[in-house]
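K.L.:
Structure: data_31.csv, CSV, C-alpha atoms.
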```
chain,number,residue,atom,x,y,z
A,1,MET,CA,93.2,-2.1,-21.6
A,2,PHE,CA,94.0,-5.8,-21.6
A,3,ASP,CA,93.2,-6.1,-17.8
A,4,ARG,CA,89.8,-4.6,-18.6
A,5,LEU,CA,89.3,-7.0,-21.5
A,6,ARG,CA,90.2,-10.0,-19.2
A,7,SER,CA,87.7,-8.7,-16.6
A,8,ASP,CA,85.0,-8.5,-19.3
A,9,ILE,CA,85.7,-12.0,-20.5
A,10,ARG,CA,85.8,-13.4,-16.9
A,11,CYS,CA,82.4,-11.8,-16.0
A,12,ILE,CA,80.8,-13.5,-19.1
A,13,LEU,CA,82.2,-16.9,-18.2
A,14,GLU,CA,80.8,-16.4,-14.7
A,15,ARG,CA,77.3,-15.4,-15.8
A,16,ASP,CA,76.7,-17.4,-18.9
A,17,PRO,CA,76.6,-21.2,-18.5
A,18,ALA,CA,76.8,-21.6,-22.3
A,19,ALA,CA,80.2,-20.0,-22.4
A,20,HIS,CA,82.9,-22.7,-22.5
A,21,SER,CA,86.2,-20.9,-23.0
A,22,ALA,CA,87.8,-17.4,-23.1
A,23,PHE,CA,88.6,-17.9,-26.7
A,24,GLU,CA,85.0,-18.6,-27.5
A,25,VAL,CA,83.8,-15.5,-25.7
A,26,LEU,CA,86.4,-13.3,-27.4
A,27,THR,CA,85.6,-14.5,-30.9
A,28,LEU,CA,81.9,-15.3,-30.8
A,29,TYR,CA,80.2,-13.0,-28.3
A,30,PRO,CA,78.7,-9.9,-30.0
A,31,GLY,CA,78.0,-8.3,-26.5
A,32,LEU,CA,81.7,-8.3,-25.8
A,33,HIS,CA,82.5,-6.9,-29.3
A,34,ALA,CA,79.9,-4.1,-28.8
A,35,VAL,CA,81.6,-3.1,-25.5
A,36,MET,CA,85.1,-3.3,-27.1
A,37,LEU,CA,84.0,-1.0,-30.0
A,38,HIS,CA,82.2,1.4,-27.8
A,39,ARG,CA,85.3,2.3,-25.9
A,40,PRO,CA,87.2,3.9,-28.9
A,41,ALA,CA,83.9,5.4,-30.0
A,42,HIS,CA,83.4,7.0,-26.6
A,43,TRP,CA,87.0,8.3,-26.6
A,44,CYS,CA,86.5,9.9,-30.0
A,45,TRP,CA,83.3,11.5,-28.9
A,46,ASN,CA,84.9,13.0,-25.8
A,47,HIS,CA,87.8,14.3,-27.7
A,48,GLY,CA,85.8,16.2,-30.3
A,49,LEU,CA,86.0,13.5,-33.1
A,50,ARG,CA,82.2,13.1,-33.1
A,51,TRP,CA,81.8,11.9,-36.7
A,52,LEU,CA,84.4,9.2,-36.1
A,53,GLY,CA,82.8,8.2,-32.9
A,54,ASN,CA,79.4,7.9,-34.6
A,55,PHE,CA,81.0,6.0,-37.5
A,56,ILE,CA,82.5,3.4,-35.1
A,57,SER,CA,79.1,3.1,-33.3
A,58,HIS,CA,77.4,2.7,-36.6
A,59,PHE,CA,79.9,-0.1,-37.6
A,60,SER,CA,79.4,-1.8,-34.3
A,61,ARG,CA,75.6,-1.7,-34.8
A,62,TRP,CA,76.0,-3.3,-38.2
A,63,LEU,CA,78.4,-6.0,-36.8
A,64,THR,CA,76.7,-6.8,-33.5
A,65,GLY,CA,73.1,-5.7,-33.7
A,66,ILE,CA,73.6,-3.6,-30.6
A,67,GLU,CA,73.2,0.2,-30.9
A,68,ILE,CA,75.1,2.2,-28.3
A,69,HIS,CA,75.5,5.9,-28.7
A,70,PRO,CA,79.1,6.9,-28.4
A,71,ALA,CA,78.3,9.4,-25.7
A,72,ALA,CA,76.8,6.8,-23.4
A,73,LYS,CA,78.8,5.8,-20.3
A,74,ILE,CA,79.5,2.1,-19.7
A,75,GLY,CA,81.2,0.7,-16.6
A,76,ASN,CA,83.4,-2.4,-16.2
A,77,ARG,CA,82.2,-6.0,-16.4
A,78,VAL,CA,79.0,-5.0,-18.3
A,79,PHE,CA,77.5,-8.1,-20.1
A,80,PHE,CA,75.2,-7.7,-23.0
A,81,ASP,CA,73.8,-11.3,-23.2
A,82,HIS,CA,72.5,-12.3,-26.7
A,83,ALA,CA,71.6,-8.6,-26.9
A,84,MET,CA,70.3,-8.3,-30.5
A,85,GLY,CA,68.2,-5.2,-30.7
A,86,VAL,CA,69.5,-3.4,-27.6
A,87,VAL,CA,69.5,0.4,-27.8
A,88,VAL,CA,71.4,2.6,-25.4
A,89,GLY,CA,70.7,6.3,-25.7
A,90,GLU,CA,73.1,9.3,-25.6
A,91,THR,CA,72.8,10.3,-22.0
A,92,ALA,CA,72.5,6.7,-20.6
A,93,GLU,CA,74.9,5.4,-18.0
A,94,ILE,CA,75.4,1.8,-17.2
A,95,GLY,CA,77.2,0.9,-13.9
A,96,ASP,CA,79.7,-1.8,-13.2
A,97,GLY,CA,78.6,-5.4,-13.3
A,98,CYS,CA,75.2,-4.8,-15.1
A,99,THR,CA,73.7,-7.5,-17.3
A,100,ILE,CA,71.4,-6.5,-20.2
A,101,TYR,CA,69.5,-9.0,-22.3
A,102,GLN,CA,68.2,-8.8,-25.9
A,103,GLY,CA,65.6,-6.2,-27.0
A,104,VAL,CA,66.3,-3.8,-24.2
A,105,THR,CA,65.9,0.0,-24.7
A,106,LEU,CA,67.5,2.5,-22.4
A,107,GLY,CA,65.6,5.4,-24.0
A,108,GLY,CA,64.5,8.9,-23.4
A,109,THR,CA,61.1,10.7,-23.1
A,110,SER,CA,62.4,14.2,-23.7
A,111,LEU,CA,63.4,15.9,-27.0
A,112,TYR,CA,65.4,18.8,-25.4
A,113,LYS,CA,69.1,18.8,-26.2
A,114,GLY,CA,71.6,19.1,-23.4
A,115,THR,CA,69.3,17.5,-20.8
A,116,LYS,CA,69.5,14.1,-19.0
A,117,ARG,CA,67.1,12.2,-21.2
A,118,HIS,CA,68.1,8.6,-20.6
A,119,PRO,CA,68.3,6.4,-17.5
A,120,THR,CA,71.3,5.7,-15.2
A,121,LEU,CA,71.7,2.1,-14.1
A,122,GLY,CA,73.6,1.5,-10.8
A,123,ARG,CA,75.9,-1.4,-10.1
A,124,ASP,CA,74.9,-5.0,-10.7
A,125,VAL,CA,71.5,-4.2,-12.3
A,126,VAL,CA,69.8,-6.9,-14.4
A,127,VAL,CA,67.6,-5.8,-17.2
A,128,GLY,CA,65.5,-8.6,-18.7
A,129,ALA,CA,64.7,-9.3,-22.3
A,130,GLY,CA,62.5,-6.7,-24.0
A,131,ALA,CA,62.4,-4.3,-21.1
A,132,LYS,CA,62.1,-0.6,-21.8
A,133,VAL,CA,63.6,1.8,-19.3
A,134,LEU,CA,62.5,5.3,-20.4
A,135,GLY,CA,63.5,8.6,-18.8
A,136,GLY,CA,66.3,10.4,-17.1
A,137,PHE,CA,66.0,8.7,-13.7
A,138,THR,CA,68.1,6.2,-11.7
A,139,VAL,CA,67.8,2.5,-11.3
A,140,GLY,CA,69.4,1.6,-8.0
A,141,ASP,CA,72.3,-0.8,-7.3
A,142,GLY,CA,71.3,-4.4,-7.5
A,143,ALA,CA,67.8,-3.8,-8.9
A,144,ARG,CA,66.2,-6.1,-11.4
A,145,ILE,CA,63.9,-5.2,-14.3
A,146,GLY,CA,61.7,-8.0,-15.4
A,147,SER,CA,61.4,-9.1,-19.0
A,148,ASN,CA,59.1,-6.8,-21.1
A,149,ALA,CA,58.6,-4.4,-18.3
A,150,VAL,CA,58.1,-0.7,-19.1
A,151,VAL,CA,59.9,1.4,-16.5
A,152,THR,CA,59.2,5.1,-16.4
A,153,ARG,CA,60.1,6.0,-12.8
A,154,PRO,CA,63.0,5.5,-10.4
A,155,VAL,CA,63.7,2.0,-9.1
A,156,PRO,CA,65.1,1.8,-5.5
A,157,ALA,CA,68.3,-0.2,-4.9
A,158,GLY,CA,67.7,-4.0,-4.7
A,159,ALA,CA,64.0,-3.7,-5.8
A,160,THR,CA,62.4,-5.6,-8.7
A,161,ALA,CA,60.3,-3.8,-11.4
A,162,VAL,CA,57.7,-5.9,-13.4
A,163,GLY,CA,54.7,-5.2,-15.6
A,164,ILE,CA,53.4,-2.5,-17.9
A,165,PRO,CA,53.6,0.1,-16.5
A,166,ALA,CA,56.2,-1.3,-14.1
A,167,ARG,CA,55.2,-2.0,-10.5
A,168,ILE,CA,57.9,-2.0,-7.9
A,169,ILE,CA,58.6,-4.8,-5.4
A,170,PRO,CA,60.6,-3.4,-2.5
A,171,ALA,CA,64.0,-4.9,-1.8
A,172,GLY,CA,63.0,-6.6,1.5
A,173,GLU,CA,60.0,-8.4,-0.1
A,174,ALA,CA,62.1,-9.5,-3.1
A,175,GLN,CA,65.0,-10.8,-0.9
A,176,LEU,CA,62.6,-12.6,1.4
A,177,ARG,CA,60.9,-14.4,-1.5
A,178,ASP,CA,64.3,-15.5,-2.9
A,179,LYS,CA,65.2,-16.9,0.5
A,180,VAL,CA,62.0,-18.8,0.9
A,181,GLU,CA,62.4,-20.3,-2.6
A,182,GLY,CA,66.1,-21.3,-1.9
A,183,ARG,CA,67.6,-18.9,-4.4
A,184,GLU,CA,69.1,-16.3,-2.0
A,185,GLY,CA,72.3,-14.8,-3.6
A,186,ALA,CA,71.7,-16.6,-6.9
A,187,PHE,CA,72.1,-14.7,-10.2
A,188,ALA,CA,68.6,-13.6,-11.4
A,189,ALA,CA,68.6,-14.4,-15.1
A,190,TYR,CA,66.3,-12.1,-17.0
A,191,GLY,CA,65.6,-10.2,-13.9
A,192,VAL,CA,62.5,-12.2,-12.8
A,193,THR,CA,61.6,-14.3,-9.8
A,194,GLN,CA,58.7,-16.7,-9.2
A,195,GLY,CA,55.4,-15.0,-8.5
A,196,ASP,CA,57.0,-11.5,-8.3
A,197,ASP,CA,54.1,-9.5,-9.8
A,198,PRO,CA,52.6,-7.4,-7.0
A,199,LEU,CA,49.3,-7.1,-8.8
A,200,SER,CA,48.9,-10.9,-9.0
A,201,LEU,CA,49.9,-11.2,-5.4
A,202,ALA,CA,47.2,-8.7,-4.4
A,203,MET,CA,44.6,-10.5,-6.6
A,204,ARG,CA,45.5,-13.8,-4.9
A,205,GLY,CA,45.1,-12.3,-1.5
A,206,LEU,CA,41.6,-10.9,-2.4
A,207,ILE,CA,40.6,-14.3,-3.9
A,208,ASP,CA,41.7,-16.2,-0.8
A,209,SER,CA,39.8,-13.6,1.4
A,210,ALA,CA,36.6,-13.8,-0.7
A,211,GLY,CA,36.8,-17.6,-0.6
A,212,ALA,CA,37.1,-17.7,3.2
A,213,GLN,CA,34.2,-15.2,3.6
A,214,ASP,CA,32.0,-17.4,1.3
A,215,LYS,CA,32.7,-20.4,3.4
A,216,GLN,CA,31.8,-18.5,6.6
A,217,ILE,CA,28.6,-17.3,5.1
A,218,ALA,CA,27.6,-20.8,4.2
A,219,LEU,CA,28.4,-22.1,7.7
A,220,LEU,CA,26.3,-19.3,9.2
A,221,TRP,CA,23.2,-20.1,7.1
A,222,GLN,CA,23.6,-23.8,7.9
A,223,ALA,CA,23.7,-22.9,11.6
A,224,ILE,CA,20.7,-20.7,11.3
A,225,GLU,CA,18.8,-23.4,9.5
A,226,LYS,CA,19.5,-25.9,12.3
A,227,LEU,CA,18.4,-23.4,15.0
A,228,SER,CA,15.1,-22.7,13.2
A,229,GLN,CA,13.9,-26.3,12.7
A,230,GLN,CA,10.4,-25.2,13.8
A,231,GLN,CA,10.2,-22.0,11.7
A,232,ARG,CA,11.6,-22.9,8.3
A,233,ASP,CA,10.2,-19.8,6.7
A,234,CYS,CA,12.8,-17.6,8.5
A,235,VAL,CA,15.5,-19.0,6.2
A,236,PRO,CA,15.2,-17.6,2.7
A,237,ASP,CA,14.9,-20.0,-0.2
A,238,ASP,CA,17.9,-18.3,-1.9
A,239,ALA,CA,20.1,-18.5,1.2
A,240,ALA,CA,23.6,-19.7,0.3
A,241,ARG,CA,23.8,-22.8,2.3
A,242,LYS,CA,26.7,-24.1,0.2
A,243,GLU,CA,30.0,-22.5,-0.9
A,244,CYS,CA,29.6,-21.1,-4.5
A,245,PHE,CA,32.7,-18.9,-4.8
A,246,GLU,CA,35.1,-20.5,-7.3
A,247,ALA,CA,38.3,-19.5,-5.6
A,248,GLU,CA,40.5,-22.2,-7.1
A,249,LYS,CA,39.4,-21.4,-10.6
A,250,LEU,CA,40.0,-17.7,-10.2
A,251,ALA,CA,43.4,-18.4,-8.6
A,252,GLN,CA,44.5,-20.4,-11.6
A,253,LEU,CA,43.6,-17.5,-13.9
A,254,VAL,CA,46.0,-15.2,-12.1
A,255,GLY,CA,48.8,-17.8,-12.0
A,256,LYS,CA,48.6,-19.3,-8.6
```
Would you mind writing the structure in this file as structure tokens?
P.N.:
Amino acid sequence: MFDRLRSDIRCILERDPAAHSAFEVLTLYPGLHAVMLHRPAHWCWNHGLRWLGNFISHFSRWLTGIEIHPAAKIGNRVFFDHAMGVVVGETAEIGDGCTIYQGVTLGGTSLYKGTKRHPTLGRDVVVGAGAKVLGGFTVGDGARIGSNAVVTRPVPAGATAVGIPARIIPAGEAQLRDKVEGREGAFAAYGVTQGDDPLSLAMRGLIDSAGAQDKQIALLWQAIEKLSQQQRDCVPDDAARKECFEAEKLAQLVGK
């Protein structure tokens, strides 16, 4: 028991730059208190003392602001950072080394008893603030859920999910982007990376392509005008001899 507590404290000191000492973590971190109280609640639930398990869970919610159903399964070195308003459902499972921020819901979309209604998080998953992971599917090892994302389908290992509804960035693309930005291997606080919204990336690509086409059309009309110096009427008055596509302005709107 004490080895597990020391491991939990050590993982918080590693992941939270605001943590200054083990004593501070032990006495002032509600995320640690919620995990400590969940363990006896989970034991009571599994040994038929369900009212007592629910009572401990209810007391933990009042004390920490984190609601964890006593039947939920939580691994080692799980860190609830800030974590006010976190809700973990009955059939949820959280793997070793996961980090969960404030306002996260690991919820269900089914009302049938006895079924797997809540998500399973693999090892070392990061769930950003305000994210909602809804359903009885699996989030793979090392995946990242961006802040305020709404995830309703499985997330592959190492991938990043962002947006409403969540869009999936495959592991290879996410890792390549981290390497280019010089953050390879770094801890991804809040589960987000720079420019990791695939919809925005697609929009930027379309804007760049449209801007390039607009430039080529302008060059073509200019060339036609030069070649037809003697017959000016062959060039329409409304021919786009200059670029008019506002690529830079549109790119700023999508966050380039």
K.L.:
Quote the spacing between CA of Glu24 in chain A and CA of Phe80 in chain A in Å to one decimal place.
P.N.:
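Taking CA of Glu24 in chain A as the start and CA of Phe80 in chain A as the end point, the length is 15.3 Å.
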K.L.:
Go through A:Cys98, A:Ala71, A:Ala22, A:Cys11 one by one, measure the shortest atom-to-atom distance of each to Pro40 in chain A using only C-alpha atoms, and give the residue with the smallest value.
P.N.:
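The closest residue to Pro40 in chain A is A:Ala71.
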K.L.:
Tell me which protein, DNA and RNA residues are within 9 Å of Ala92 in chain A, counting all atoms listed in the file, leaving out same-chain ones fewer than 2 positions away, and put them as a count of residues only.
P.N.:
19
K.L.:
Expressed in Å to a single decimal, how great is the separation between CA of Gly97 in chain A and CA of Ala143 in chain A?
P.N.:
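About the pair CA of Gly97 in chain A and CA of Ala143 in chain A: they are 11.8 Å apart.
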K.L.:
At what distance in Å, to one decimal, does CA of Asp81 in chain A lie from CA of Ile9 in chain A?
P.N.:
12.2 Å
K.L.:
For Leu111 in chain A, which of A:Gly135, A:Glu67, A:Ala171, A:Val126 is the closest residue, counting all atoms listed in the file?
P.N.:
A:Gly135
